[in-house]
Amino acid sequence: MKKTFTVNLNGTVYHIDEDAYELLDNYLSNLRIHFSKEEGAEEIVHDMEARISELFSERLKEGKQVITIVDVEEIIAQMGKPEDLSDDEPMEKESPVNSSEKERGPKRLFRDADNKVLGGVCSGVAAYMGWDITITRLIFLILGFFVKGFIIVYIVMWFVIPEATTATEKLFMKGIKANVKNIGETVTEGFEKVNDVVRSEQTKSTMQKIGEGIVNVAGFLIKCILVIAAVCAAPILFILLIVFFSLLMATTGVIAATPSILYEIMPHVDWTFLSTSPTGAVILALCGILIIGLPIIGIIHILMSTFGGWRPMSVGTRIAFICIWFFALCGALYLLFILNAPFIWQNVNF
Amino acid sequence: MNVDNVRSQMRKGMLEYCILLLLHKEASYASDIILKLKEAHLIVVEGTLYPLLTRLKNDNLLAYEWVESTQGPPRKYYTLTPDGELFLQGLEEAWSELSNTVNHIKNN
């Protein structure tokens, strides 16, 4: 049994197996990368999508209902892999390139999520330094047991070092130059890896198994410790939460009381407009709450997504937050100063 | 040096000429062109055609229009522009020159 997806390819709907979908998706993004330098790249890929859609419908004519991975593999063979399509460097693939001979590029430290046990720090450091992963893990483990504070260093590294998620980052992590061909290979390799895991048991050396066993146990222990620490810290967190809410309330109170307080600070502003215009007062209070509240919500969200397993905010939400905050700021400033400009000038001139 | 290498380069040079020749005869959409090029054993992978068509279109040698199809979404039918016709004439001359040269050398 297999899970299927529904895809819209050039206006026609197809049912496609999960693995076939991933392969096709990789293929199309590889094509996009491959043609990205060319004028009209989107058009080329779109035309090719249209052709793939045609080939799909031909294959479904014989009573089949679902596109399988074999179909996609055959269609990719028919359409050609990105490296077959370049006409600038004809037939360069004649000389097989080993992964060790790949062009070297600048290296950067990332966490390696593909080989992670706990946070991928060890695997990332190993990739960065060119060490063996198992040995790196053992060294980290020993250091963790004997050096005071090393676990905290590990946890800090976990949070500070970014995770290599895109193909480009994965190449940077290994110090391989990020060109189209290498990116393509990484994407395809990643896919093959998924397949291997599904289809067959991964073959590992005894050393790796033992190492991973130890690290798994250690990882479990560390996770336990973290959980216990979190449980112990829960009352403190609770108190902090109460403090935060009372602060929020106080802030609201302060904002509601701004006319009197701000009058002291800014005597040039005509605060009477707040009593003459309740709408202005409400809007000003609202702006104040937003100006102070949004950053606090942001900080809480960052803390919770790092420590508490919340999903990180989407880019859209972030932009919306920033925009709302900015508007609130503008609104408050507008109400305070622009509306009162004549009054302020009057006072200043005096 | 490798025979396959040279052969594929020769084919690539020919490809544009043949596409223009096909479109000179009749307007067609990409899959028709692929079918004919495959019959003539001129292309191996279909993907080579698409960047070429787009490039020729961007160079104003080809134009296309959307034509409704009975079997699915509308298709892009490519035709030669006047510029394309001129370009094709140039290529035709170049081709006959080339084949003359080769024949001349072969037969003398």
# chains A, B, ... in the order shown; residues from 1 in each chain; ligands from 1

call {"tool": "closest_atom_pairs", "arguments": {"of": "chain B", "to": "chain A", "cutoff": "7 Å", "atoms": "only C-alpha atoms", "output": "tab-separated table"}}
result
residue	atom	partner	partner_atom	distance
B:Asn5	CA	A:Met91	CA	6.5
B:Val45	CA	A:Gly80	CA	4.8
B:Glu46	CA	A:Met79	CA	4.5
B:Gly47	CA	A:Met79	CA	4.7
B:Thr48	CA	A:Leu85	CA	5.4
B:Tyr50	CA	A:Ile44	CA	5.7
B:Pro51	CA	A:Ile44	CA	5.7
B:Thr54	CA	A:Ile44	CA	6.5
B:Pro73	CA	A:Gly11	CA	6.8

call {"tool": "select_by_dssp", "arguments": {"residues": "stretch 12-78 of chain B", "states": "strand (DSSP E)", "output": "mmCIF file with C-alpha atoms, in the first residue's frame"}}
result
data_model
loop_
_atom_site.group_PDB
_atom_site.id
_atom_site.type_symbol
_atom_site.label_atom_id
_atom_site.label_comp_id
_atom_site.auth_asym_id
_atom_site.auth_seq_id
_atom_site.Cartn_x
_atom_site.Cartn_y
_atom_site.Cartn_z
ATOM 1 C CA SER B 28 3.610 22.637 -34.987
ATOM 2 C CA TYR B 29 3.701 22.236 -31.251
ATOM 3 C CA LEU B 62 10.008 31.943 -33.821
ATOM 4 C CA ALA B 63 6.597 33.033 -32.633
ATOM 5 C CA TYR B 64 3.869 30.957 -31.069
ATOM 6 C CA GLU B 65 0.153 31.071 -30.583
ATOM 7 C CA TRP B 66 -2.074 29.110 -28.250
ATOM 8 C CA VAL B 67 -4.325 26.652 -30.043
ATOM 9 C CA GLU B 68 -7.156 24.811 -28.284
ATOM 10 C CA SER B 69 -6.737 21.080 -28.248
ATOM 11 C CA GLY B 72 -6.267 18.532 -23.116
ATOM 12 C CA PRO B 73 -5.012 21.981 -22.314
ATOM 13 C CA PRO B 74 -4.239 24.450 -25.111
ATOM 14 C CA ARG B 75 -0.958 23.957 -26.927
ATOM 15 C CA LYS B 76 1.724 26.335 -28.089
ATOM 16 C CA TYR B 77 1.985 26.208 -31.871
ATOM 17 C CA TYR B 78 5.283 27.590 -33.094
#

call {"tool": "select_by_dssp", "arguments": {"residues": "chain B", "states": "helix (DSSP H, G or I)", "output": "ChimeraX atom specification"}}
result
/B:3-25,30-39,46-58,82-107

call {"tool": "write_last_selection", "arguments": {"atoms": "C-alpha atoms", "output": "mmCIF file, in the first residue's frame"}}
result
data_model
loop_
_atom_site.group_PDB
_atom_site.id
_atom_site.type_symbol
_atom_site.label_atom_id
_atom_site.label_comp_id
_atom_site.auth_asym_id
_atom_site.auth_seq_id
_atom_site.Cartn_x
_atom_site.Cartn_y
_atom_site.Cartn_z
ATOM 1 C CA VAL B 3 33.414 9.705 -31.999
ATOM 2 C CA ASP B 4 30.310 10.078 -29.846
ATOM 3 C CA ASN B 5 31.526 13.427 -28.686
ATOM 4 C CA VAL B 6 32.007 14.813 -32.179
ATOM 5 C CA ARG B 7 28.789 13.245 -33.364
ATOM 6 C CA SER B 8 26.768 14.854 -30.611
ATOM 7 C CA GLN B 9 28.323 18.212 -31.364
ATOM 8 C CA MET B 10 27.530 17.878 -35.058
ATOM 9 C CA ARG B 11 23.953 16.978 -34.162
ATOM 10 C CA LYS B 12 23.613 19.931 -31.870
ATOM 11 C CA GLY B 13 24.712 22.239 -34.650
ATOM 12 C CA MET B 14 22.172 20.671 -36.975
ATOM 13 C CA LEU B 15 19.347 20.758 -34.517
ATOM 14 C CA GLU B 16 18.432 24.406 -34.921
ATOM 15 C CA TYR B 17 18.488 24.130 -38.686
ATOM 16 C CA CYS B 18 16.211 21.086 -38.632
ATOM 17 C CA ILE B 19 13.743 22.674 -36.237
ATOM 18 C CA LEU B 20 13.494 25.712 -38.488
ATOM 19 C CA LEU B 21 13.050 23.451 -41.507
ATOM 20 C CA LEU B 22 10.213 21.573 -39.819
ATOM 21 C CA LEU B 23 8.480 24.770 -38.779
ATOM 22 C CA HIS B 24 8.961 26.204 -42.253
ATOM 23 C CA LYS B 25 6.786 23.380 -43.592
ATOM 24 C CA ALA B 30 6.592 20.905 -29.242
ATOM 25 C CA SER B 31 5.457 17.280 -29.081
ATOM 26 C CA ASP B 32 5.040 17.116 -32.877
ATOM 27 C CA ILE B 33 8.540 18.471 -33.323
ATOM 28 C CA ILE B 34 9.872 15.930 -30.833
ATOM 29 C CA LEU B 35 8.139 13.111 -32.680
ATOM 30 C CA LYS B 36 9.690 14.132 -35.995
ATOM 31 C CA LEU B 37 13.135 14.739 -34.564
ATOM 32 C CA LYS B 38 12.991 11.351 -32.885
ATOM 33 C CA GLU B 39 11.965 9.693 -36.156
ATOM 34 C CA GLU B 46 13.426 15.459 -25.281
ATOM 35 C CA GLY B 47 14.514 18.101 -22.832
ATOM 36 C CA THR B 48 17.062 19.502 -25.286
ATOM 37 C CA LEU B 49 14.309 20.897 -27.459
ATOM 38 C CA TYR B 50 12.640 23.206 -24.954
ATOM 39 C CA PRO B 51 15.499 25.563 -24.119
ATOM 40 C CA LEU B 52 16.251 25.753 -27.834
ATOM 41 C CA LEU B 53 12.683 26.707 -28.748
ATOM 42 C CA THR B 54 12.602 29.349 -26.048
ATOM 43 C CA ARG B 55 15.947 30.738 -27.168
ATOM 44 C CA LEU B 56 14.835 30.896 -30.805
ATOM 45 C CA LYS B 57 11.621 32.568 -29.699
ATOM 46 C CA ASN B 58 13.534 35.108 -27.606
ATOM 47 C CA PRO B 82 9.955 36.738 -41.170
ATOM 48 C CA ASP B 83 13.293 37.021 -39.358
ATOM 49 C CA GLY B 84 13.213 33.266 -38.897
ATOM 50 C CA GLU B 85 12.644 32.721 -42.612
ATOM 51 C CA LEU B 86 15.660 34.896 -43.431
ATOM 52 C CA PHE B 87 17.733 33.049 -40.842
ATOM 53 C CA LEU B 88 16.665 29.729 -42.352
ATOM 54 C CA GLN B 89 17.778 30.873 -45.803
ATOM 55 C CA GLY B 90 21.172 31.736 -44.384
ATOM 56 C CA LEU B 91 21.427 28.336 -42.724
ATOM 57 C CA GLU B 92 20.374 26.598 -45.923
ATOM 58 C CA GLU B 93 23.177 28.255 -47.809
ATOM 59 C CA ALA B 94 25.623 27.355 -45.071
ATOM 60 C CA TRP B 95 24.418 23.768 -45.116
ATOM 61 C CA SER B 96 24.738 23.322 -48.880
ATOM 62 C CA GLU B 97 28.195 24.865 -48.679
ATOM 63 C CA LEU B 98 29.166 22.414 -45.966
ATOM 64 C CA SER B 99 27.824 19.360 -47.772
ATOM 65 C CA ASN B 100 29.483 20.529 -50.996
ATOM 66 C CA THR B 101 32.762 20.888 -49.169
ATOM 67 C CA VAL B 102 32.518 17.439 -47.621
ATOM 68 C CA ASN B 103 31.466 15.829 -50.898
ATOM 69 C CA HIS B 104 34.232 17.607 -52.729
ATOM 70 C CA ILE B 105 36.868 16.365 -50.333
ATOM 71 C CA LYS B 106 35.417 12.876 -50.264
ATOM 72 C CA ASN B 107 35.262 12.498 -54.027
#

call {"tool": "closest_residue", "arguments": {"among": "A:Glu169, A:Glu18, A:Val70, A:Lys174", "to": "A:Trp131", "atoms": "only C-alpha atoms"}}
result
A:Lys174

call {"tool": "atom_distance", "arguments": {"atom1": "atom CA of A:Glu58", "atom2": "atom CA of A:Leu28"}}
result
19.6 Å

call {"tool": "decode", "arguments": {"residues": "stretch 35-176 of chain A", "atoms": "C-alpha atoms", "output": "compact mmCIF listing (two decimals), in the first residue's frame"}}
result
# COMPACT_ATOMS: atom_id res chain seq x y z
CA PHE A 35 18.00 26.73 -16.49
CA SER A 36 18.14 29.53 -13.94
CA LYS A 37 20.91 31.31 -15.86
CA GLU A 38 18.97 31.22 -19.06
CA GLU A 39 16.50 33.81 -20.25
CA GLY A 40 12.94 32.53 -19.98
CA ALA A 41 13.81 29.77 -17.52
CA GLU A 42 10.29 29.63 -16.12
CA GLU A 43 8.89 29.25 -19.61
CA ILE A 44 11.22 26.38 -20.45
CA VAL A 45 10.36 24.51 -17.28
CA HIS A 46 6.68 25.23 -17.78
CA ASP A 47 6.81 23.82 -21.32
CA MET A 48 8.59 20.76 -20.03
CA GLU A 49 5.96 20.35 -17.34
CA ALA A 50 3.33 20.48 -20.07
CA ARG A 51 5.17 17.71 -21.91
CA ILE A 52 5.46 15.60 -18.76
CA SER A 53 1.76 16.08 -18.20
CA GLU A 54 1.13 14.80 -21.74
CA LEU A 55 3.34 11.78 -21.16
CA PHE A 56 1.49 11.07 -17.90
CA SER A 57 -1.87 11.11 -19.61
CA GLU A 58 -0.54 8.76 -22.29
CA ARG A 59 0.51 6.36 -19.57
CA LEU A 60 -2.84 6.52 -17.83
CA LYS A 61 -4.77 5.60 -20.96
CA GLU A 62 -4.29 1.88 -20.38
CA GLY A 63 -6.61 1.81 -17.37
CA LYS A 64 -3.95 2.81 -14.88
CA GLN A 65 -4.95 5.31 -12.26
CA VAL A 66 -1.79 6.27 -10.45
CA ILE A 67 1.60 7.52 -11.61
CA THR A 68 4.29 5.34 -10.06
CA ILE A 69 7.97 5.96 -9.49
CA VAL A 70 8.79 3.72 -12.47
CA ASP A 71 6.73 6.00 -14.71
CA VAL A 72 8.55 9.04 -13.43
CA GLU A 73 11.95 7.38 -13.79
CA GLU A 74 11.17 6.45 -17.40
CA ILE A 75 9.87 9.90 -18.18
CA ILE A 76 12.98 11.50 -16.69
CA ALA A 77 15.09 9.20 -18.86
CA GLN A 78 13.02 10.29 -21.84
CA MET A 79 13.21 14.00 -21.04
CA GLY A 80 16.83 13.90 -19.99
CA LYS A 81 18.57 14.72 -16.74
CA PRO A 82 19.69 18.33 -16.30
CA GLU A 83 23.32 17.36 -16.93
CA ASP A 84 22.30 15.83 -20.30
CA LEU A 85 20.69 19.08 -21.36
CA SER A 86 23.60 21.48 -21.11
CA ASP A 87 25.04 22.30 -24.50
CA ASP A 88 27.93 24.45 -23.30
CA GLU A 89 29.94 21.57 -21.89
CA PRO A 90 29.11 18.60 -24.09
CA MET A 91 29.49 15.08 -22.73
CA GLU A 92 31.53 16.06 -19.73
CA LYS A 93 30.11 13.19 -17.79
CA GLU A 94 32.37 10.78 -19.69
CA SER A 95 34.91 11.15 -16.92
CA PRO A 96 33.20 9.96 -13.80
CA VAL A 97 33.72 12.28 -10.86
CA ASN A 98 34.09 10.72 -7.45
CA SER A 99 32.64 12.53 -4.52
CA SER A 100 36.17 12.99 -3.19
CA GLU A 101 37.16 14.72 -6.40
CA LYS A 102 34.28 17.14 -6.41
CA GLU A 103 35.30 20.75 -6.69
CA ARG A 104 36.11 22.13 -3.30
CA GLY A 105 34.50 25.32 -2.17
CA PRO A 106 34.31 27.38 1.00
CA LYS A 107 33.30 25.48 4.11
CA ARG A 108 30.80 26.60 6.68
CA LEU A 109 29.71 25.12 9.95
CA PHE A 110 26.21 23.70 9.91
CA ARG A 111 24.36 21.09 11.90
CA ASP A 112 23.96 17.95 9.82
CA ALA A 113 20.32 16.96 10.19
CA ASP A 114 20.69 13.96 7.89
CA ASN A 115 23.06 12.20 10.28
CA LYS A 116 21.86 13.59 13.54
CA VAL A 117 21.42 11.70 16.76
CA LEU A 118 20.52 14.54 19.07
CA GLY A 119 20.93 17.88 17.37
CA GLY A 120 23.33 17.12 14.53
CA VAL A 121 26.10 19.15 16.16
CA CYS A 122 28.67 16.34 16.17
CA SER A 123 27.91 15.31 12.60
CA GLY A 124 28.12 18.96 11.53
CA VAL A 125 31.45 19.49 13.28
CA ALA A 126 32.72 16.22 11.82
CA ALA A 127 31.71 17.33 8.32
CA TYR A 128 33.29 20.72 8.89
CA MET A 129 36.59 19.40 10.23
CA GLY A 130 36.63 16.39 7.94
CA TRP A 131 36.69 13.95 10.88
CA ASP A 132 34.93 10.65 11.25
CA ILE A 133 31.46 11.14 12.71
CA THR A 134 31.67 8.26 15.17
CA ILE A 135 35.01 9.40 16.57
CA THR A 136 33.77 12.99 16.84
CA ARG A 137 30.76 11.75 18.78
CA LEU A 138 32.95 9.70 21.13
CA ILE A 139 35.19 12.71 21.76
CA PHE A 140 32.16 14.89 22.46
CA LEU A 141 30.73 12.22 24.75
CA ILE A 142 33.94 11.84 26.73
CA LEU A 143 34.30 15.61 26.98
CA GLY A 144 30.68 15.78 28.07
CA PHE A 145 31.35 13.38 30.93
CA PHE A 146 34.64 14.81 32.14
CA VAL A 147 34.68 18.49 31.31
CA LYS A 148 32.41 20.63 33.41
CA GLY A 149 30.00 22.67 31.41
CA PHE A 150 30.67 20.92 28.11
CA ILE A 151 27.05 19.78 27.89
CA ILE A 152 26.02 23.42 28.12
CA VAL A 153 28.52 24.22 25.35
CA TYR A 154 26.90 21.46 23.30
CA ILE A 155 23.42 22.82 23.95
CA VAL A 156 24.56 26.34 23.10
CA MET A 157 26.10 25.05 19.87
CA TRP A 158 22.84 23.26 19.14
CA PHE A 159 20.98 26.54 19.28
CA VAL A 160 23.60 28.75 17.72
CA ILE A 161 24.73 26.68 14.72
CA PRO A 162 22.14 26.69 11.95
CA GLU A 163 20.87 23.45 10.52
CA ALA A 164 21.79 22.61 6.94
CA THR A 165 18.40 22.27 5.30
CA THR A 166 18.85 23.21 1.66
CA ALA A 167 21.05 21.36 -0.79
CA THR A 168 23.34 24.40 -1.06
CA GLU A 169 23.84 24.50 2.69
CA LYS A 170 24.57 20.79 2.77
CA LEU A 171 27.27 21.30 0.16
CA PHE A 172 28.71 24.26 2.08
CA MET A 173 28.78 22.06 5.15
CA LYS A 174 30.99 19.56 3.37
CA GLY A 175 32.97 22.26 1.60
CA ILE A 176 31.89 21.16 -1.85
